[in-house]
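Data file: input-v1.txt. Format and content: compact mmCIF, C-alpha atoms.
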```txt
# COMPACT_ATOMS: atom_id res chain seq x y z
CA MET A 10 83.92 120.03 12.64
CA ASN A 11 82.20 123.18 13.83
CA ASN A 12 82.29 126.48 12.02
CA ASP A 13 83.16 129.26 14.46
CA ASN A 14 84.07 132.43 12.61
CA ASN A 15 85.62 135.07 14.80
CA THR A 16 86.04 138.28 12.81
CA GLN A 17 86.69 140.65 15.69
CA PRO A 18 89.91 142.45 14.76
CA LEU A 19 93.06 142.39 16.82
CA VAL A 20 95.18 145.52 16.47
CA LEU A 21 98.96 145.52 16.92
CA GLY A 22 100.44 148.96 16.35
CA ASP A 23 99.17 150.11 12.95
CA VAL A 24 98.27 146.62 11.77
CA GLU A 25 94.85 145.01 12.02
CA ILE A 26 94.42 141.22 12.12
CA ILE A 27 91.16 139.38 11.48
CA ARG A 28 90.74 135.67 12.07
CA VAL A 29 88.53 133.79 9.60
CA VAL A 30 87.79 130.26 10.80
CA GLU A 31 86.85 127.59 8.27
CA TRP A 32 86.19 124.97 10.95
CA GLN A 33 87.40 123.84 14.34
CA GLY A 34 86.87 120.82 16.52
CA PRO A 35 88.31 117.40 17.43
CA PHE A 36 90.71 116.28 14.70
CA GLY A 37 92.17 112.96 15.79
CA PRO A 38 94.05 111.14 18.56
CA ALA A 39 96.36 113.55 20.35
CA ARG A 40 99.34 111.21 20.33
CA ASP A 41 98.89 110.44 16.64
CA LEU A 42 99.16 114.16 15.92
CA VAL A 43 102.26 114.67 18.11
CA PRO A 44 103.70 111.16 18.49
CA GLN A 45 106.66 112.10 20.69
CA ALA A 46 104.50 113.83 23.31
CA ASP A 47 103.58 111.12 25.80
CA ALA A 48 100.39 110.91 27.84
CA ARG A 49 101.94 112.58 30.86
CA VAL A 50 102.65 115.92 29.16
CA TRP A 51 99.02 116.13 28.04
CA LYS A 52 97.66 115.14 31.45
CA ASP A 53 100.07 117.33 33.46
CA ASN A 54 98.99 120.35 31.41
CA GLU A 55 95.29 119.59 31.17
CA ALA A 56 94.32 122.92 32.74
CA SER A 57 96.07 124.78 29.91
CA LEU A 58 95.21 122.42 27.05
CA ALA A 59 91.55 121.56 27.68
CA PRO A 60 89.10 122.23 26.21
CA ASP A 61 90.50 124.53 23.51
CA HIS A 62 93.32 122.22 22.36
CA TRP A 63 92.53 118.81 23.81
CA ASP A 64 89.48 116.72 24.63
CA PRO A 65 90.83 114.67 27.56
CA ASP A 66 87.81 112.38 27.82
CA ARG A 67 88.42 111.07 24.29
CA ASP A 68 92.13 111.93 24.08
CA LEU A 69 91.54 113.92 20.89
CA ALA A 70 93.53 116.92 19.71
CA VAL A 71 91.34 119.94 18.95
CA LEU A 72 92.42 122.01 15.94
CA ALA A 73 91.18 124.85 13.78
CA LEU A 74 91.53 125.55 10.09
CA GLN A 75 91.75 129.29 9.58
CA THR A 76 92.99 132.18 7.51
CA TRP A 77 94.44 135.35 8.98
CA VAL A 78 93.57 138.61 7.23
CA VAL A 79 96.25 141.23 7.87
CA ARG A 80 95.64 144.87 6.98
CA SER A 81 98.92 146.76 6.86
CA GLY A 82 99.86 150.03 5.19
CA GLY A 83 96.74 150.05 3.03
CA ARG A 84 97.42 146.49 1.90
CA THR A 85 95.17 143.45 2.52
CA VAL A 86 97.20 140.27 3.08
CA LEU A 87 95.87 136.75 3.52
CA VAL A 88 97.99 134.27 5.48
CA ASP A 89 97.12 130.77 4.17
CA THR A 90 93.82 129.97 2.48
CA GLY A 91 92.58 126.68 3.89
CA VAL A 92 91.31 123.59 2.09
CA GLY A 93 89.11 125.11 -0.61
CA SER A 94 86.05 123.43 -2.12
CA GLY A 95 85.53 120.52 -4.45
CA ARG A 96 89.13 119.25 -4.33
CA GLU A 97 90.30 115.75 -5.12
CA ARG A 98 92.20 114.74 -1.98
CA PRO A 99 91.88 110.94 -1.78
CA GLY A 100 94.70 110.69 0.75
CA SER A 101 93.08 113.18 3.16
CA PRO A 102 89.57 112.12 4.28
CA HIS A 103 89.01 115.41 6.14
CA PHE A 104 89.60 117.38 2.92
CA HIS A 105 88.41 115.11 0.09
CA HIS A 106 85.52 116.74 -1.84
CA ARG A 107 84.98 119.14 1.03
CA GLN A 108 82.52 121.94 0.32
CA GLY A 109 83.22 125.16 2.18
CA ASP A 110 82.37 128.84 1.80
CA PHE A 111 85.78 130.49 2.04
CA LEU A 112 84.94 133.50 -0.12
CA GLY A 113 81.69 133.93 1.79
CA ASP A 114 83.59 133.79 5.08
CA LEU A 115 85.95 136.47 3.78
CA ALA A 116 83.03 138.59 2.61
CA ARG A 117 81.49 138.44 6.07
CA ALA A 118 84.83 139.71 7.37
CA GLY A 119 84.64 142.63 4.93
CA VAL A 120 87.08 141.27 2.35
CA ARG A 121 86.19 141.00 -1.36
CA PRO A 122 88.39 138.97 -3.73
CA GLU A 123 89.47 142.09 -5.61
CA ASP A 124 90.54 143.74 -2.33
CA VAL A 125 93.33 141.22 -1.67
CA ASP A 126 96.80 142.49 -2.57
CA THR A 127 98.97 139.64 -1.26
CA VAL A 128 98.44 135.97 -0.42
CA VAL A 129 101.07 134.31 1.78
CA SER A 130 101.39 130.53 1.76
CA THR A 131 103.46 129.52 4.77
CA HIS A 132 103.96 126.20 2.95
CA LEU A 133 102.25 124.22 0.21
CA HIS A 134 100.22 121.61 2.08
CA ALA A 135 96.58 121.04 1.12
CA ASP A 136 95.04 122.94 4.02
CA HIS A 137 97.07 126.08 3.35
CA VAL A 138 96.59 126.64 -0.39
CA GLY A 139 93.14 125.30 -1.30
CA GLY A 140 91.50 128.72 -1.31
CA ASN A 141 94.14 130.11 -3.66
CA THR A 142 91.99 129.20 -6.64
CA VAL A 143 88.37 128.80 -7.67
CA GLY A 144 86.74 126.72 -10.38
CA ALA A 145 85.67 128.53 -13.54
CA GLY A 146 84.58 126.90 -16.81
CA GLY A 147 86.16 123.59 -15.90
CA GLU A 148 89.49 125.19 -14.94
CA TRP A 149 91.10 126.45 -11.76
CA ILE A 150 91.92 130.15 -11.75
CA PRO A 151 93.30 132.50 -9.05
CA ALA A 152 90.61 133.43 -6.55
CA PHE A 153 92.14 136.88 -5.99
CA PRO A 154 92.63 138.59 -9.35
CA ASN A 155 94.77 141.49 -8.10
CA ALA A 156 96.98 139.56 -5.68
CA ARG A 157 100.59 138.49 -5.73
CA TYR A 158 100.85 134.98 -4.32
CA LEU A 159 104.06 134.60 -2.30
CA LEU A 160 105.23 130.98 -2.46
CA PRO A 161 108.33 129.50 -0.80
CA ALA A 162 110.65 128.57 -3.66
CA ALA A 163 111.85 125.39 -1.94
CA ASP A 164 108.28 124.08 -1.58
CA ASP A 165 107.41 125.05 -5.14
CA HIS A 166 110.41 123.02 -6.33
CA HIS A 167 109.68 120.03 -4.09
CA PHE A 168 105.93 119.77 -4.69
CA GLY A 169 106.00 120.91 -8.31
CA PRO A 170 106.95 119.08 -11.50
CA ASP A 171 110.68 119.85 -11.11
CA ASN A 172 110.92 117.40 -8.22
CA GLY A 173 108.25 115.05 -9.49
CA TYR A 174 105.43 116.38 -7.31
CA GLY A 175 107.07 115.50 -4.00
CA LYS A 176 109.05 112.69 -5.68
CA GLY A 177 105.76 111.01 -6.53
CA LEU A 178 105.38 109.52 -3.06
CA TRP A 179 101.81 110.74 -2.48
CA GLU A 180 99.23 111.32 -5.20
CA ASP A 181 97.67 114.23 -3.33
CA ASP A 182 100.87 116.28 -3.77
CA ARG A 183 100.37 116.35 -7.54
CA LEU A 184 96.67 117.14 -7.20
CA ILE A 185 97.34 119.97 -4.74
CA TYR A 186 99.94 121.53 -7.00
CA GLU A 187 97.84 121.23 -10.15
CA ASP A 188 94.66 122.79 -8.75
CA SER A 189 96.02 125.28 -6.18
CA VAL A 190 99.53 126.31 -7.25
CA ALA A 191 100.09 125.78 -10.98
CA PRO A 192 97.19 128.12 -11.93
CA LEU A 193 98.98 130.95 -10.09
CA HIS A 194 102.03 130.45 -12.28
CA HIS A 195 99.91 130.27 -15.42
CA ALA A 196 98.26 133.57 -14.52
CA GLY A 197 101.60 135.28 -13.81
CA GLN A 198 100.60 135.96 -10.20
CA ALA A 199 103.06 133.63 -8.41
CA VAL A 200 106.14 135.13 -6.74
CA LEU A 201 108.79 132.66 -5.55
CA TRP A 202 111.02 133.78 -2.69
CA GLU A 203 113.75 132.29 -0.49
CA GLY A 204 115.65 133.38 2.61
CA THR A 205 113.67 136.45 3.60
CA HIS A 206 111.13 138.58 1.77
CA ARG A 207 109.87 141.98 2.94
CA ILE A 208 106.23 142.67 2.14
CA ASP A 209 106.09 146.16 3.65
CA GLU A 210 107.47 148.13 6.58
CA HIS A 211 105.59 145.91 9.06
CA LEU A 212 105.65 142.43 7.50
CA THR A 213 108.58 140.16 6.63
CA LEU A 214 108.66 136.53 5.55
CA GLU A 215 111.46 134.32 6.88
CA ALA A 216 112.37 130.74 6.00
CA ALA A 217 111.83 128.18 8.79
CA PRO A 218 112.33 124.82 7.05
CA GLY A 219 111.62 121.40 8.45
CA HIS A 220 107.87 120.88 8.39
CA THR A 221 108.32 121.15 4.62
CA PRO A 222 111.46 122.19 2.71
CA GLY A 223 110.15 125.74 2.31
CA SER A 224 108.12 126.27 5.48
CA ALA A 225 108.09 129.93 6.49
CA VAL A 226 106.99 132.31 9.21
CA LEU A 227 105.62 135.81 8.78
CA ARG A 228 106.92 138.43 11.22
CA LEU A 229 104.90 141.50 12.16
CA GLU A 230 106.34 144.53 13.93
CA SER A 231 104.58 147.86 14.32
CA ARG A 232 105.05 150.61 16.92
CA GLY A 233 106.78 148.24 19.32
CA GLU A 234 104.21 145.45 19.08
CA ARG A 235 105.15 142.14 17.50
CA ALA A 236 103.65 138.88 16.29
CA VAL A 237 104.82 135.89 14.31
CA PHE A 238 102.55 133.73 12.13
CA VAL A 239 104.20 130.32 12.40
CA GLY A 240 102.16 128.16 10.04
CA ASP A 241 102.59 124.49 10.95
CA LEU A 242 105.69 124.81 13.13
CA LEU A 243 103.07 124.27 15.84
CA HIS A 244 99.95 122.13 15.65
CA SER A 245 99.39 122.01 19.41
CA PRO A 246 100.59 124.00 22.45
CA VAL A 247 102.17 120.72 23.58
CA GLN A 248 104.93 121.54 21.09
CA ILE A 249 105.64 124.76 22.99
CA LEU A 250 105.96 122.80 26.21
CA ARG A 251 108.05 120.16 24.41
CA PRO A 252 109.64 121.93 21.41
CA SER A 253 111.55 118.82 20.33
CA CYS A 254 108.22 117.10 19.57
CA ASN A 255 107.18 117.24 15.93
CA SER A 256 103.78 116.69 14.42
CA CYS A 257 103.25 113.55 12.37
CA PHE A 258 103.27 115.76 9.26
CA CYS A 259 106.82 117.14 9.62
CA MET A 260 108.99 116.01 6.70
CA ASP A 261 112.38 116.75 8.30
CA PRO A 262 112.03 116.12 12.04
CA GLU A 263 115.43 117.52 13.04
CA GLY A 264 115.02 120.62 10.89
CA ALA A 265 111.48 121.22 12.13
CA ALA A 266 112.53 120.96 15.79
CA ALA A 267 115.45 123.34 15.22
CA SER A 268 113.24 125.90 13.47
CA ARG A 269 110.59 125.58 16.18
CA ARG A 270 113.05 126.22 19.00
CA ARG A 271 114.61 129.18 17.18
CA ILE A 272 111.24 130.80 16.54
CA LEU A 273 110.01 130.18 20.10
CA GLU A 274 113.18 131.59 21.64
CA ARG A 275 112.79 134.79 19.69
CA ALA A 276 109.07 134.99 20.47
CA ALA A 277 109.74 134.65 24.19
CA ASP A 278 112.65 137.10 24.20
CA ARG A 279 110.96 139.74 22.03
CA ARG A 280 107.40 139.29 23.35
CA GLU A 281 106.03 138.26 19.99
CA LEU A 282 102.47 137.00 19.93
CA VAL A 283 102.61 133.50 18.42
CA ILE A 284 99.92 132.87 15.79
CA PRO A 285 99.87 129.28 14.47
CA ALA A 286 97.78 128.04 11.58
CA HIS A 287 95.76 125.51 13.55
CA PHE A 288 95.30 126.58 17.16
CA ALA A 289 91.67 126.60 18.25
CA GLY A 290 90.42 128.68 21.18
CA PRO A 291 91.75 132.25 20.91
CA GLY A 292 93.95 131.14 17.99
CA ALA A 293 97.13 132.77 19.31
CA LEU A 294 99.06 133.02 22.54
CA GLU A 295 102.13 134.38 24.27
CA VAL A 296 105.20 132.26 25.03
CA HIS A 297 107.46 132.65 28.05
CA ARG A 298 110.79 131.16 29.06
CA ARG A 299 110.72 128.31 31.59
CA GLY A 300 114.29 127.21 32.20
CA ALA A 301 115.63 125.76 28.98
CA ASP A 302 112.10 125.37 27.58
CA PHE A 303 108.90 127.40 27.41
CA ALA A 304 105.61 128.01 29.15
CA LEU A 305 102.24 128.99 27.74
CA GLY A 306 101.20 132.60 28.20
CA ALA A 307 97.86 134.29 27.79
CA GLY A 308 95.76 133.79 24.70
CA ALA A 309 95.23 136.62 22.27
CA ALA A 310 92.27 138.83 23.05
CA HIS A 311 90.44 139.81 19.87
CA ARG A 312 89.73 143.37 20.84
CA PRO A 313 87.71 145.74 18.70
CA ALA A 314 89.99 148.23 16.97
CA GLU A 315 88.46 151.21 18.75
CA GLU A 316 89.53 149.78 22.12
CA LYS A 317 93.19 149.85 21.08
CA ALA A 318 94.85 153.18 21.74
```
Represent the structure from my file as structure tokens, please.
Amino acid sequence: MNNDNNTQPLVLGDVEIIRVVEWQGPFGPARDLVPQADARVWKDNEASLAPDHWDPDRDLAVLALQTWVVRSGGRTVLVDTGVGSGRERPGSPHFHHRQGDFLGDLARAGVRPEDVDTVVSTHLHADHVGGNTVGAGGEWIPAFPNARYLLPAADDHHFGPDNGYGKGLWEDDRLIYEDSVAPLHHAGQAVLWEGTHRIDEHLTLEAAPGHTPGSAVLRLESRGERAVFVGDLLHSPVQILRPSCNSCFCMDPEGAAASRRRILERAADRRELVIPAHFAGPGALEVHRRGADFALGAGAAHRPAEEKA
């Protein structure tokens, strides 16, 4: 996987967004990632999907692992924190014992750990919470000492000890919770929420279950400009073209498809920029109506702040 940090800010109204890329590149077979999307939808949309989202020669989906830094109302918010370093993830070869430089990547984007006020986890999968903590003296402690960590209550219940660490079906679920979530509770920095949760005048969390029980989106609205951070509701633009198609990681396929369609309908109708967790290329794009479904719009341009009036 290639590191490709893009820290040029995107400005929407009074909010600044910085993309911090941990890695991006070919991830795996396209139709393993989105099993319901057949070969034709990939091939028919090759001009839109390749090369940023699909390598047609090898039929591989191209993904990114990234964190979005959102500066709003004097607050610094992180949306998801990637894989982290030195984690035991035996069920995830891409993530097992991975060594990254997340805090260094943030520093190069102008963000120090003590600057972070809020950390949003769109859900509690390994590649969204690993940077929540750092190792210290043989323990895991919060990486951001002044931050509130906003965790979906339904995911905390499902993946935590109350529900047997995801009902004990996958050992990684317990490991993820113990090294990346439980330390936040121990430090008194975890905030569980459900339904909706307003962060400030521009940012609101909203439940969008299906991918996981507590999957969420983060809405941004400022001076008439809008965006929605959709986490893993979308792994590939193919799921915009075919919103009934889930990724192989969705726990509740019907719920995930219903949440995806609802979020895409609003994005198209309200001209929200759609910002998924794993899109490579520009990282975000517009969505338009196309009959009963949707079409891909332009990718986000990461414009320097001074170019935005």
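Distances to Gly233 (chain A) were evaluated for A:Glu281, A:Asp188, A:Asp209, A:Asp165 using all atoms listed in the file, and the minimum falls at A:Glu281.
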Expected residue set, 8 Å radius at (109.2, 127.9, 9.6), only C-alpha atoms, as a PDB file with C-alpha atoms, in the frame of the given file:
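result_27.pdb written:
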```
ATOM      1  CA  THR A 131     103.460 129.520   4.770  1.00  0.00           C
ATOM      2  CA  GLU A 215     111.460 134.320   6.880  1.00  0.00           C
ATOM      3  CA  ALA A 216     112.370 130.740   6.000  1.00  0.00           C
ATOM      4  CA  ALA A 217     111.830 128.180   8.790  1.00  0.00           C
ATOM      5  CA  PRO A 218     112.330 124.820   7.050  1.00  0.00           C
ATOM      6  CA  GLY A 219     111.620 121.400   8.450  1.00  0.00           C
ATOM      7  CA  HIS A 220     107.870 120.880   8.390  1.00  0.00           C
ATOM      8  CA  GLY A 223     110.150 125.740   2.310  1.00  0.00           C
ATOM      9  CA  SER A 224     108.120 126.270   5.480  1.00  0.00           C
ATOM     10  CA  ALA A 225     108.090 129.930   6.490  1.00  0.00           C
ATOM     11  CA  VAL A 226     106.990 132.310   9.210  1.00  0.00           C
ATOM     12  CA  VAL A 239     104.200 130.320  12.400  1.00  0.00           C
ATOM     13  CA  GLY A 240     102.160 128.160  10.040  1.00  0.00           C
ATOM     14  CA  ASP A 241     102.590 124.490  10.950  1.00  0.00           C
ATOM     15  CA  LEU A 242     105.690 124.810  13.130  1.00  0.00           C
ATOM     16  CA  ALA A 265     111.480 121.220  12.130  1.00  0.00           C
ATOM     17  CA  SER A 268     113.240 125.900  13.470  1.00  0.00           C
ATOM     18  CA  ARG A 269     110.590 125.580  16.180  1.00  0.00           C
ATOM     19  CA  ILE A 272     111.240 130.800  16.540  1.00  0.00           C
TER      20      ILE A 272
END
```
(Q) I need the residue nearest Gln45 (chain A) from this list: A:His166, A:Ser256, A:Ala116, A:Trp77. Use only C-alpha atoms for the distance. (A)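 For Gln45 (chain A), the nearest of the candidates is A:Ser256.
If you look at CA of Ser253 (chain A) and CA of Val43 (chain A), they are 10.4 Å away from each other.
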Q. From the set A:Asn172, A:Ser189, A:Ser231, A:Ser94, which residue has the shortest atom-to-atom contact distance to Ile150 (chain A), counting all atoms listed in the file?
A. A:Ser189
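The closest residue to Ala304 (chain A), picked from A:Met260, A:Leu58, A:Ala266, A:Leu74 and counting all atoms listed in the file, is A:Leu58.
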**Q.** A:Val29, A:Ala59, A:Val88, A:Leu193 ranked by distance to Arg117 (chain A), top pick (using only C-alpha atoms)
**A.** A:Val29
**Q.** Nearest residue to Gln108 (chain A) from the set A:Arg299, A:Arg280, A:Glu31, A:Arg183 (distances using only C-alpha atoms)
**A.**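 Of A:Arg299, A:Arg280, A:Glu31, A:Arg183, the one nearest Gln108 (chain A) is A:Glu31, counting only C-alpha atoms.
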(Q) List the spatial neighbours of Leu214 (chain A) as an MDAnalysis selection string - criterion: any atom at most 12 Å away, only C-alpha atoms, same-chain residues fewer than 5 positions off excluded. (A) chainID A and resid 88 128:132 159:161 201:209 223:230 237:240
Q) Please, what distance in Å, to one decimal, runs between CA of Asp182 (chain A) and CA of Gln75 (chain A)? A)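 Between CA of Asp182 (chain A) and CA of Gln75 (chain A) the gap is 20.8 Å.
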Q. To one decimal place, how far is CA of Arg270 (chain A) from CA of Pro252 (chain A) in Å?
A.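 If I compute the distance from CA of Arg270 (chain A) to CA of Pro252 (chain A), I get 6.0 Å.
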Q: Give me the residues within 12 Å of Gly83 (chain A) as a list of chain:residue names, counting only C-alpha atoms and dropping any in the same chain fewer than 6 places off.
A: A:Asp23, A:Val24, A:Glu25, A:Asp124, A:Val125, A:Asp126, A:Thr127, A:Asp209, A:Glu210, A:His211
With C-alpha atoms retained, export the selected residues as a PDB file, in the coordinates of the input.
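Just written: out-v4.pdb:
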```pdb
ATOM      1  CA  ASP A  23      99.170 150.110  12.950  1.00  0.00           C
ATOM      2  CA  VAL A  24      98.270 146.620  11.770  1.00  0.00           C
ATOM      3  CA  GLU A  25      94.850 145.010  12.020  1.00  0.00           C
ATOM      4  CA  ASP A 124      90.540 143.740  -2.330  1.00  0.00           C
ATOM      5  CA  VAL A 125      93.330 141.220  -1.670  1.00  0.00           C
ATOM      6  CA  ASP A 126      96.800 142.490  -2.570  1.00  0.00           C
ATOM      7  CA  THR A 127      98.970 139.640  -1.260  1.00  0.00           C
ATOM      8  CA  ASP A 209     106.090 146.160   3.650  1.00  0.00           C
ATOM      9  CA  GLU A 210     107.470 148.130   6.580  1.00  0.00           C
ATOM     10  CA  HIS A 211     105.590 145.910   9.060  1.00  0.00           C
TER      11      HIS A 211
END
```
Q) What's the 12 Å shell around region 144-149 of chain A, counting all atoms listed in the file, without same-chain residues fewer than 5 positions away, as JSON, numbers by chain? A) {"A": [93, 94, 95, 96, 139, 184, 185, 186, 187, 188, 189, 190, 191, 192, 193, 194, 195, 196]}
**Q.** Contacts of Ile26 (chain A) at 6 Å (all atoms listed in the file; same-chain gap of 3+ positions) as a ChimeraX atom specification
**A.** /A:18-19,78-79
Q: Write out as a PyMOL selection string the residues lying within 12 Å of Lys52 (chain A), counting all atoms listed in the file and excluding same-chain residues fewer than 4 positions away.
A: chain A and resi 39-40+46-48+56-59+63-66+68+247
